[in-house]
$ cat entry10.txt   # compact mmCIF, C-alpha atoms
# COMPACT_ATOMS: atom_id res chain seq x y z
CA MET E 1 -15.68 -17.56 -29.18
CA ALA E 2 -19.44 -17.45 -28.47
CA SER E 3 -18.85 -18.84 -24.98
CA PHE E 4 -15.98 -16.45 -24.22
CA ASP E 5 -16.16 -15.11 -20.64
CA TRP E 6 -14.70 -11.60 -20.41
CA ASN E 7 -14.15 -12.06 -16.70
CA ASP E 8 -11.39 -14.56 -17.52
CA ILE E 9 -9.24 -11.59 -18.56
CA ARG E 10 -8.92 -10.66 -14.87
CA PHE E 11 -7.40 -14.06 -14.18
CA PHE E 12 -5.09 -13.81 -17.18
CA LEU E 13 -3.79 -10.40 -16.05
CA ALA E 14 -3.31 -11.49 -12.44
CA VAL E 15 -1.17 -14.49 -13.43
CA ALA E 16 0.74 -12.42 -15.99
CA ARG E 17 1.59 -9.83 -13.33
CA ASP E 18 2.41 -12.19 -10.48
CA ALA E 19 3.87 -15.13 -12.49
CA SER E 20 2.37 -17.42 -9.84
CA LEU E 21 -0.96 -19.17 -9.36
CA SER E 22 -0.89 -18.73 -5.59
CA ALA E 23 -0.02 -15.02 -5.77
CA ALA E 24 -2.72 -14.43 -8.38
CA ALA E 25 -5.20 -16.32 -6.20
CA ARG E 26 -4.40 -14.05 -3.26
CA ARG E 27 -4.80 -10.98 -5.46
CA LEU E 28 -8.20 -12.21 -6.71
CA ARG E 29 -9.28 -13.75 -3.38
CA VAL E 30 -9.98 -17.18 -4.77
CA ASP E 31 -8.18 -20.53 -4.52
CA HIS E 32 -5.40 -21.42 -6.94
CA THR E 33 -7.43 -24.21 -8.58
CA THR E 34 -10.01 -21.62 -9.63
CA VAL E 35 -7.28 -19.54 -11.24
CA ALA E 36 -5.89 -22.54 -13.12
CA ARG E 37 -9.37 -23.53 -14.30
CA ARG E 38 -10.18 -20.04 -15.57
CA ILE E 39 -6.87 -19.77 -17.43
CA ALA E 40 -7.45 -23.16 -19.04
CA ALA E 41 -10.96 -22.07 -20.07
CA LEU E 42 -9.60 -18.85 -21.60
CA GLU E 43 -6.95 -20.75 -23.56
CA ALA E 44 -9.60 -23.16 -24.81
CA HIS E 45 -11.93 -20.35 -25.90
CA LEU E 46 -9.16 -18.44 -27.68
CA GLY E 47 -7.37 -21.47 -29.06
CA LEU E 48 -4.08 -20.11 -27.71
CA HIS E 49 -1.39 -21.37 -25.35
CA LEU E 50 -0.95 -18.34 -23.05
CA PHE E 51 1.43 -19.55 -20.31
CA HIS E 52 4.39 -21.85 -19.89
CA ARG E 53 3.71 -23.90 -16.73
CA LEU E 54 7.15 -23.92 -15.12
CA PRO E 55 8.18 -25.45 -11.76
CA ARG E 56 8.98 -22.01 -10.33
CA GLY E 57 6.03 -20.13 -11.78
CA TRP E 58 4.02 -19.36 -14.88
CA LYS E 59 5.58 -17.41 -17.75
CA LEU E 60 3.77 -15.81 -20.66
CA THR E 61 4.24 -17.50 -24.02
CA PRO E 62 4.75 -15.35 -27.13
CA GLN E 63 1.01 -15.69 -27.76
CA GLY E 64 0.32 -14.53 -24.20
CA GLN E 65 2.70 -11.61 -24.61
CA ALA E 66 0.88 -10.57 -27.77
CA LEU E 67 -2.48 -10.65 -25.97
CA LEU E 68 -1.29 -8.71 -22.90
CA PRO E 69 -1.62 -5.12 -24.25
CA GLN E 70 -5.18 -5.76 -25.46
CA ALA E 71 -6.11 -7.36 -22.13
CA GLU E 72 -4.74 -4.34 -20.26
CA ARG E 73 -6.76 -1.98 -22.47
CA LEU E 74 -9.88 -4.06 -21.81
CA GLU E 75 -9.21 -3.86 -18.07
CA ALA E 76 -8.73 -0.10 -18.24
CA GLU E 77 -12.03 0.35 -20.08
CA ALA E 78 -13.90 -1.85 -17.62
CA LEU E 79 -12.48 0.06 -14.67
CA SER E 80 -13.37 3.34 -16.36
CA VAL E 81 -17.01 2.25 -16.71
CA GLY E 82 -17.10 1.34 -13.03
CA ARG E 83 -15.63 4.69 -12.02
CA ALA E 84 -18.11 6.56 -14.20
CA ALA E 85 -20.95 4.69 -12.47
CA LEU E 86 -19.67 5.90 -9.11
CA GLU E 87 -20.21 9.52 -10.13
CA VAL E 88 -23.95 9.08 -10.54
CA GLY E 89 -24.38 6.68 -7.65
CA PRO E 90 -26.01 7.47 -4.29
CA LEU E 91 -24.27 7.89 -0.94
CA THR E 92 -24.31 4.13 -0.46
CA GLY E 93 -22.14 1.18 -1.37
CA PRO E 94 -18.64 -0.13 -0.60
CA ILE E 95 -15.42 1.85 -0.30
CA ARG E 96 -12.02 0.21 -0.08
CA LEU E 97 -9.32 2.22 1.68
CA THR E 98 -5.65 1.29 2.05
CA ALA E 99 -3.31 2.76 4.65
CA PRO E 100 -0.20 1.86 6.68
CA PRO E 101 -1.05 -0.31 9.72
CA ILE E 102 0.37 2.14 12.26
CA LEU E 103 -1.90 4.93 10.99
CA ALA E 104 -4.89 2.63 10.71
CA ASN E 105 -4.72 1.68 14.36
CA ARG E 106 -3.83 5.10 15.70
CA VAL E 107 -5.92 7.50 13.60
CA LEU E 108 -8.11 5.85 10.99
CA LEU E 109 -10.20 3.33 12.92
CA PRO E 110 -11.89 5.93 15.19
CA ALA E 111 -12.41 8.25 12.22
CA LEU E 112 -13.85 5.50 10.02
CA HIS E 113 -16.19 4.38 12.77
CA ALA E 114 -17.57 7.91 13.13
CA PHE E 115 -17.96 8.18 9.34
CA GLN E 116 -19.80 4.89 9.02
CA GLN E 117 -22.14 5.79 11.89
CA LYS E 118 -23.16 8.91 9.97
CA ASN E 119 -23.38 7.04 6.66
CA PRO E 120 -24.85 3.60 7.43
CA GLY E 121 -25.42 2.90 3.73
CA ILE E 122 -21.67 2.89 3.11
CA THR E 123 -19.62 -0.20 3.90
CA LEU E 124 -15.88 0.15 4.46
CA GLU E 125 -12.96 -2.19 3.82
CA LEU E 126 -9.62 -1.18 5.28
CA ASP E 127 -6.52 -2.79 3.79
CA THR E 128 -3.34 -2.48 5.87
CA SER E 129 -0.99 -4.65 3.83
CA ALA E 130 2.67 -3.70 3.89
CA PHE E 131 2.81 -3.00 0.15
CA PRO E 132 0.72 -0.18 -1.35
CA LEU E 133 -2.17 -1.31 -3.50
CA ASN E 134 -2.43 -0.25 -7.14
CA LEU E 135 -5.27 2.26 -7.42
CA SER E 136 -4.95 2.41 -11.22
CA GLN E 137 -5.88 -1.28 -11.37
CA GLY E 138 -8.87 -0.81 -9.05
CA ALA E 139 -7.30 -2.49 -6.02
CA ALA E 140 -8.59 0.31 -3.76
CA ASP E 141 -10.68 3.47 -4.03
CA LEU E 142 -8.66 5.66 -1.69
CA ALA E 143 -5.17 5.46 -0.26
CA VAL E 144 -3.45 7.18 2.64
CA ARG E 145 0.27 6.92 1.91
CA VAL E 146 3.53 8.36 3.11
CA GLY E 147 4.98 10.08 0.04
CA TRP E 148 3.62 11.25 -3.29
CA PRO E 149 2.27 8.70 -5.80
CA GLN E 150 4.39 7.65 -8.75
CA GLU E 151 1.58 6.10 -10.81
CA THR E 152 -0.11 8.02 -13.62
CA GLY E 153 -3.81 8.89 -13.54
CA LEU E 154 -3.90 9.56 -9.81
CA ILE E 155 -4.51 12.76 -7.90
CA ALA E 156 -3.10 13.44 -4.46
CA ARG E 157 -3.60 15.94 -1.67
CA LYS E 158 -1.10 16.46 1.10
CA LEU E 159 -2.74 15.85 4.47
CA CYS E 160 0.15 16.75 6.78
CA ASP E 161 3.81 16.05 7.47
CA ILE E 162 5.02 13.08 9.49
CA ALA E 163 8.11 13.63 11.62
CA TYR E 164 10.72 10.86 11.64
CA GLY E 165 13.56 10.07 14.01
CA VAL E 166 16.13 7.36 14.62
CA TYR E 167 15.33 5.53 17.86
CA ALA E 168 17.10 3.02 20.08
CA ARG E 169 16.85 1.74 23.62
CA THR E 170 17.62 4.65 25.92
CA GLU E 171 20.68 3.00 27.48
CA LEU E 172 22.04 2.29 23.97
CA ALA E 173 21.17 5.59 22.29
CA GLU E 174 24.72 6.92 22.65
CA ALA E 175 26.32 3.69 21.40
CA ASP E 176 27.47 3.06 17.84
CA LEU E 177 24.46 0.96 16.86
CA PRO E 178 23.76 -0.44 13.40
CA LEU E 179 20.73 0.95 11.57
CA LEU E 180 17.91 -1.49 10.94
CA GLY E 181 16.74 -1.96 7.36
CA LEU E 182 13.34 -1.39 5.77
CA GLY E 183 12.91 -4.51 3.62
CA ASP E 184 12.47 -5.02 -0.12
CA GLY E 185 9.14 -3.23 -0.32
CA TRP E 186 10.85 0.06 0.56
CA GLN E 187 13.47 -0.04 -2.18
CA GLY E 188 13.52 3.29 -3.99
CA SER E 189 11.68 5.13 -1.22
CA SER E 190 13.10 8.32 0.25
CA GLN E 191 13.32 6.62 3.65
CA GLN E 192 15.49 3.85 2.22
CA THR E 193 17.61 6.36 0.31
CA TRP E 194 18.22 8.36 3.48
CA LEU E 195 19.11 5.22 5.45
CA ASP E 196 21.59 4.17 2.76
CA THR E 197 23.40 7.49 3.07
CA GLN E 198 23.59 7.12 6.85
CA ARG E 199 24.64 3.48 6.87
CA ALA E 200 27.75 4.04 4.73
CA GLY E 201 27.96 0.40 3.67
CA ARG E 202 27.38 -1.08 7.14
CA LEU E 203 25.09 -4.11 7.04
CA ALA E 204 21.73 -4.06 8.81
CA PRO E 205 21.30 -6.91 11.31
CA LEU E 206 17.56 -6.97 10.55
CA ALA E 207 15.23 -5.56 7.89
CA ALA E 208 11.46 -5.36 8.22
CA GLY E 209 8.67 -3.97 6.09
CA ASP E 210 6.41 -2.53 8.75
CA VAL E 211 6.81 0.06 11.49
CA SER E 212 5.49 -2.14 14.31
CA THR E 213 8.18 -4.78 13.71
CA LEU E 214 10.95 -2.16 13.54
CA LEU E 215 9.66 -0.59 16.74
CA ALA E 216 9.67 -3.96 18.52
CA ALA E 217 13.17 -4.74 17.22
CA ALA E 218 14.52 -1.42 18.48
CA ARG E 219 13.01 -2.06 21.91
CA LEU E 220 14.76 -5.44 22.00
CA GLY E 221 18.12 -3.83 21.26
CA TRP E 222 18.61 -5.08 17.70
CA GLY E 223 19.84 -1.65 16.66
CA ALA E 224 18.57 1.82 15.82
CA ALA E 225 15.38 2.16 13.77
CA LEU E 226 14.02 4.91 11.55
CA LEU E 227 10.52 5.45 12.93
CA PRO E 228 7.69 7.97 12.78
CA CYS E 229 8.01 9.96 15.98
CA PHE E 230 4.35 9.51 16.89
CA ALA E 231 4.78 5.72 16.69
CA ALA E 232 7.74 5.80 19.09
CA ALA E 233 6.03 8.18 21.51
CA ASP E 234 4.35 5.31 23.39
CA ALA E 235 7.65 3.46 23.94
CA PRO E 236 9.22 5.04 27.06
CA ASP E 237 12.25 2.78 26.78
CA LEU E 238 13.25 4.35 23.42
CA SER E 239 15.13 7.60 22.86
CA LEU E 240 16.16 9.58 19.81
CA VAL E 241 19.68 8.78 18.70
CA PRO E 242 21.80 11.96 18.49
CA GLY E 243 23.36 12.94 15.19
CA HIS E 244 20.51 11.81 12.93
CA GLN E 245 18.05 14.25 11.42
CA PRO E 246 15.82 12.42 8.93
CA PRO E 247 13.53 14.68 6.89
CA ASP E 248 9.80 14.89 7.46
CA ARG E 249 7.67 12.97 4.97
CA PRO E 250 4.37 14.13 3.43
CA LEU E 251 1.28 12.08 4.20
CA CYS E 252 -1.01 12.11 1.16
CA LEU E 253 -4.58 11.19 0.34
CA ILE E 254 -4.59 9.55 -3.09
CA LEU E 255 -7.38 8.54 -5.43
CA HIS E 256 -7.92 7.88 -9.10
CA ALA E 257 -8.97 10.97 -11.06
CA ASP E 258 -12.06 9.16 -12.38
CA VAL E 259 -13.61 8.66 -8.92
CA ARG E 260 -13.02 12.05 -7.33
CA ARG E 261 -16.61 13.21 -7.98
CA ALA E 262 -18.28 10.02 -6.75
CA PRO E 263 -20.53 11.07 -3.82
CA ARG E 264 -19.45 8.39 -1.37
CA ILE E 265 -15.76 8.71 -2.27
CA ARG E 266 -15.91 12.49 -1.97
CA ALA E 267 -17.67 12.21 1.40
CA LEU E 268 -15.00 9.91 2.83
CA ALA E 269 -12.18 11.99 1.32
CA ASP E 270 -13.54 15.14 3.01
CA HIS E 271 -13.85 13.26 6.30
CA LEU E 272 -10.25 12.04 6.08
CA ILE E 273 -8.96 15.51 5.23
CA ALA E 274 -10.65 16.87 8.38
CA THR E 275 -9.37 13.95 10.45
CA PHE E 276 -5.73 14.38 9.49
CA THR E 277 -5.89 18.15 9.73
CA ALA E 278 -6.82 17.67 13.38
CA ALA E 279 -4.13 15.00 13.86
CA ALA E 280 -1.38 17.01 12.13
CA PRO E 281 0.22 18.44 15.32
CA MET E 282 0.57 14.95 16.80
CA LEU E 283 1.90 13.37 13.60
CA GLY E 284 4.37 16.15 12.92
CA GLN E 285 5.82 16.55 16.41
CA ARG E 286 9.48 15.64 16.94
CA PRO E 287 10.51 15.36 20.61
CA PRO E 288 13.85 16.73 21.84
CA VAL E 289 16.82 14.40 22.15
CA ARG E 290 16.91 13.09 25.71
CA GLU E 291 19.94 13.73 27.85
CA SER E 292 22.03 10.71 28.79
CA PRO E 293 21.30 9.42 32.31
$ encode --input "entry10.txt" --output "structure tokens"
Amino acid sequence: MASFDWNDIRFFLAVARDASLSAAARRLRVDHTTVARRIAALEAHLGLHLFHRLPRGWKLTPQGQALLPQAERLEAEALSVGRAALEVGPLTGPIRLTAPPILANRVLLPALHAFQQKNPGITLELDTSAFPLNLSQGAADLAVRVGWPQETGLIARKLCDIAYGVYARTELAEADLPLLGLGDGWQGSSQQTWLDTQRAGRLAPLAAGDVSTLLAAARLGWGAALLPCFAAADAPDLSLVPGHQPPDRPLCLILHADVRRAPRIRALADHLIATFTAAAPMLGQRPPVRESP
């Protein structure tokens, strides 16, 4: 136990959560051989067999299951120490922000560039992965998300509303088109729930997890897509489909309660609030349904 490396707990938790060496490696940004080596080292130090190595993934053994709650408490304490250090830190250092790709390209990149020019001691990392990162586990410092957070320990502020519409190629907008799906990552979301009520059991010819792909599919005539109106505004070949009135969705700024007083986090949060306040009219605008040619 004298040679026990506490950092190995990170590797244990990543494999336990993802049940896969490759997925854990992506989460930790290392190669899968490093993950396997660190797990083997942890098992050797503890004298425990923590995972069943199965052909289709790694599964916790009973010993691993017993260790999991303690490992999660250790992780929570370590993250808490890091967040406490942020509060007394200077206006320098890294900030990791996560946001949907369509907002990153349209609104965030210019705003982040202006912020970094004013605060050269702060370095920024922008994550635009399709699935929201877990702020409670320290995967990001700030998140811009459509919808309110479901995780505990987070605080959120509504930035603005985003208007949604159902779009299709203009010449097909009056046709009885199938609705495109949103992909597995959207299960349980209000957008998916609304689509399910509109689809009435009809199968989607295509499902995709990001707005850009749905936009491209609608332009190709795959079907009708639920899209943020601002994202469809630059596609002159798309029109709103009559008869669909999806609700607006709140856009929220989310952070962990422990980091809200950190100087650099607070500075970026204030900058983002101002940015989206200015962008609110554009993000919340719903155009009229076009008349048929």
$ residues_around --input "entry10.txt" --residues "E:Ala207" --least-positions-apart "5" --cutoff "8 Å" --atoms "only C-alpha atoms" --output "PyMOL selection string"
chain E and resi 180-183+214
$ atom_distance --input "entry10.txt" --atom1 "atom CA of E:Asn134" --atom2 "atom CA of E:Arg10"
14.5 Å
$ residues_around --input "entry10.txt" --residues "E:Arg96" --least-positions-apart "6" --cutoff "12 Å" --atoms "only C-alpha atoms" --output "count of residues only"
23
$ residues_around --input "entry10.txt" --residues "stretch 215-232 of chain E" --least-positions-apart "3" --cutoff "10 Å" --atoms "all atoms listed in the file" --output "ChimeraX atom specification"
/E:102-103,106,162-173,175-182,191-192,194-195,204-208,210-212,235-241,244,246,248-249,281-287
$ write_last_selection --input "entry10.txt" --atoms "C-alpha atoms" --output "mmCIF file, in the coordinates of the input"
data_model
loop_
_atom_site.group_PDB
_atom_site.id
_atom_site.type_symbol
_atom_site.label_atom_id
_atom_site.label_comp_id
_atom_site.auth_asym_id
_atom_site.auth_seq_id
_atom_site.Cartn_x
_atom_site.Cartn_y
_atom_site.Cartn_z
ATOM 1 C CA ILE E 102 0.370 2.140 12.260
ATOM 2 C CA LEU E 103 -1.900 4.930 10.990
ATOM 3 C CA ARG E 106 -3.830 5.100 15.700
ATOM 4 C CA ILE E 162 5.020 13.080 9.490
ATOM 5 C CA ALA E 163 8.110 13.630 11.620
ATOM 6 C CA TYR E 164 10.720 10.860 11.640
ATOM 7 C CA GLY E 165 13.560 10.070 14.010
ATOM 8 C CA VAL E 166 16.130 7.360 14.620
ATOM 9 C CA TYR E 167 15.330 5.530 17.860
ATOM 10 C CA ALA E 168 17.100 3.020 20.080
ATOM 11 C CA ARG E 169 16.850 1.740 23.620
ATOM 12 C CA THR E 170 17.620 4.650 25.920
ATOM 13 C CA GLU E 171 20.680 3.000 27.480
ATOM 14 C CA LEU E 172 22.040 2.290 23.970
ATOM 15 C CA ALA E 173 21.170 5.590 22.290
ATOM 16 C CA ALA E 175 26.320 3.690 21.400
ATOM 17 C CA ASP E 176 27.470 3.060 17.840
ATOM 18 C CA LEU E 177 24.460 0.960 16.860
ATOM 19 C CA PRO E 178 23.760 -0.440 13.400
ATOM 20 C CA LEU E 179 20.730 0.950 11.570
ATOM 21 C CA LEU E 180 17.910 -1.490 10.940
ATOM 22 C CA GLY E 181 16.740 -1.960 7.360
ATOM 23 C CA LEU E 182 13.340 -1.390 5.770
ATOM 24 C CA GLN E 191 13.320 6.620 3.650
ATOM 25 C CA GLN E 192 15.490 3.850 2.220
ATOM 26 C CA TRP E 194 18.220 8.360 3.480
ATOM 27 C CA LEU E 195 19.110 5.220 5.450
ATOM 28 C CA ALA E 204 21.730 -4.060 8.810
ATOM 29 C CA PRO E 205 21.300 -6.910 11.310
ATOM 30 C CA LEU E 206 17.560 -6.970 10.550
ATOM 31 C CA ALA E 207 15.230 -5.560 7.890
ATOM 32 C CA ALA E 208 11.460 -5.360 8.220
ATOM 33 C CA ASP E 210 6.410 -2.530 8.750
ATOM 34 C CA VAL E 211 6.810 0.060 11.490
ATOM 35 C CA SER E 212 5.490 -2.140 14.310
ATOM 36 C CA ALA E 235 7.650 3.460 23.940
ATOM 37 C CA PRO E 236 9.220 5.040 27.060
ATOM 38 C CA ASP E 237 12.250 2.780 26.780
ATOM 39 C CA LEU E 238 13.250 4.350 23.420
ATOM 40 C CA SER E 239 15.130 7.600 22.860
ATOM 41 C CA LEU E 240 16.160 9.580 19.810
ATOM 42 C CA VAL E 241 19.680 8.780 18.700
ATOM 43 C CA HIS E 244 20.510 11.810 12.930
ATOM 44 C CA PRO E 246 15.820 12.420 8.930
ATOM 45 C CA ASP E 248 9.800 14.890 7.460
ATOM 46 C CA ARG E 249 7.670 12.970 4.970
ATOM 47 C CA PRO E 281 0.220 18.440 15.320
ATOM 48 C CA MET E 282 0.570 14.950 16.800
ATOM 49 C CA LEU E 283 1.900 13.370 13.600
ATOM 50 C CA GLY E 284 4.370 16.150 12.920
ATOM 51 C CA GLN E 285 5.820 16.550 16.410
ATOM 52 C CA ARG E 286 9.480 15.640 16.940
ATOM 53 C CA PRO E 287 10.510 15.360 20.610
#
$ atom_distance --input "entry10.txt" --atom1 "atom CA of E:Gln117" --atom2 "atom CA of E:Gly93"
14.0 Å
$ atom_distance --input "entry10.txt" --atom1 "atom CA of E:Arg17" --atom2 "atom CA of E:Trp186"
19.4 Å
$ closest_residue --input "entry10.txt" --among "E:His32, E:Arg37, E:Arg73, E:His52" --to "E:Leu13" --atoms "all atoms listed in the file"
E:Arg73
$ closest_residue --input "entry10.txt" --among "E:Ala78, E:Asp184, E:Glu151, E:Leu91" --to "E:Gly209" --atoms "all atoms listed in the file"
E:Asp184
$ closest_residue --input "entry10.txt" --among "E:Ala14, E:Ala23, E:Leu68, E:Ala233" --to "E:Gln137" --atoms "all atoms listed in the file"
E:Ala14
$ residues_around --input "entry10.txt" --residues "E:Pro120" --least-positions-apart "4" --cutoff "9 Å" --atoms "all atoms listed in the file" --output "list in words"
Thr92, Phe115 and Gln116 of chain E
$ write_last_selection --input "entry10.txt" --atoms "C-alpha atoms" --output "short mmCIF file (atom, residue, chain, number, x, y, z; two decimals), in the coordinates of the input"
data_model
loop_
_atom_site.label_atom_id
_atom_site.label_comp_id
_atom_site.auth_asym_id
_atom_site.auth_seq_id
_atom_site.Cartn_x
_atom_site.Cartn_y
_atom_site.Cartn_z
CA THR E 92 -24.31 4.13 -0.46
CA PHE E 115 -17.96 8.18 9.34
CA GLN E 116 -19.80 4.89 9.02
#
$ residues_around --input "entry10.txt" --residues "E:Ala41" --least-positions-apart "3" --cutoff "12 Å" --atoms "only C-alpha atoms" --output "ChimeraX atom specification"
/E:1,3-9,11-12,34-38,44-50
$ closest_residue --input "entry10.txt" --among "E:Pro62, E:Leu42, E:Gly57, E:Val107" --to "E:Ser22" --atoms "all atoms listed in the file"
E:Gly57
$ closest_residue --input "entry10.txt" --among "E:Ala76, E:Ala104, E:Ala156, E:Ala267" --to "E:Pro250" --atoms "all atoms listed in the file"
E:Ala156
$ closest_residue --input "entry10.txt" --among "E:Pro247, E:Pro132, E:Gly185, E:Pro101" --to "E:Thr213" --atoms "only C-alpha atoms"
E:Pro101
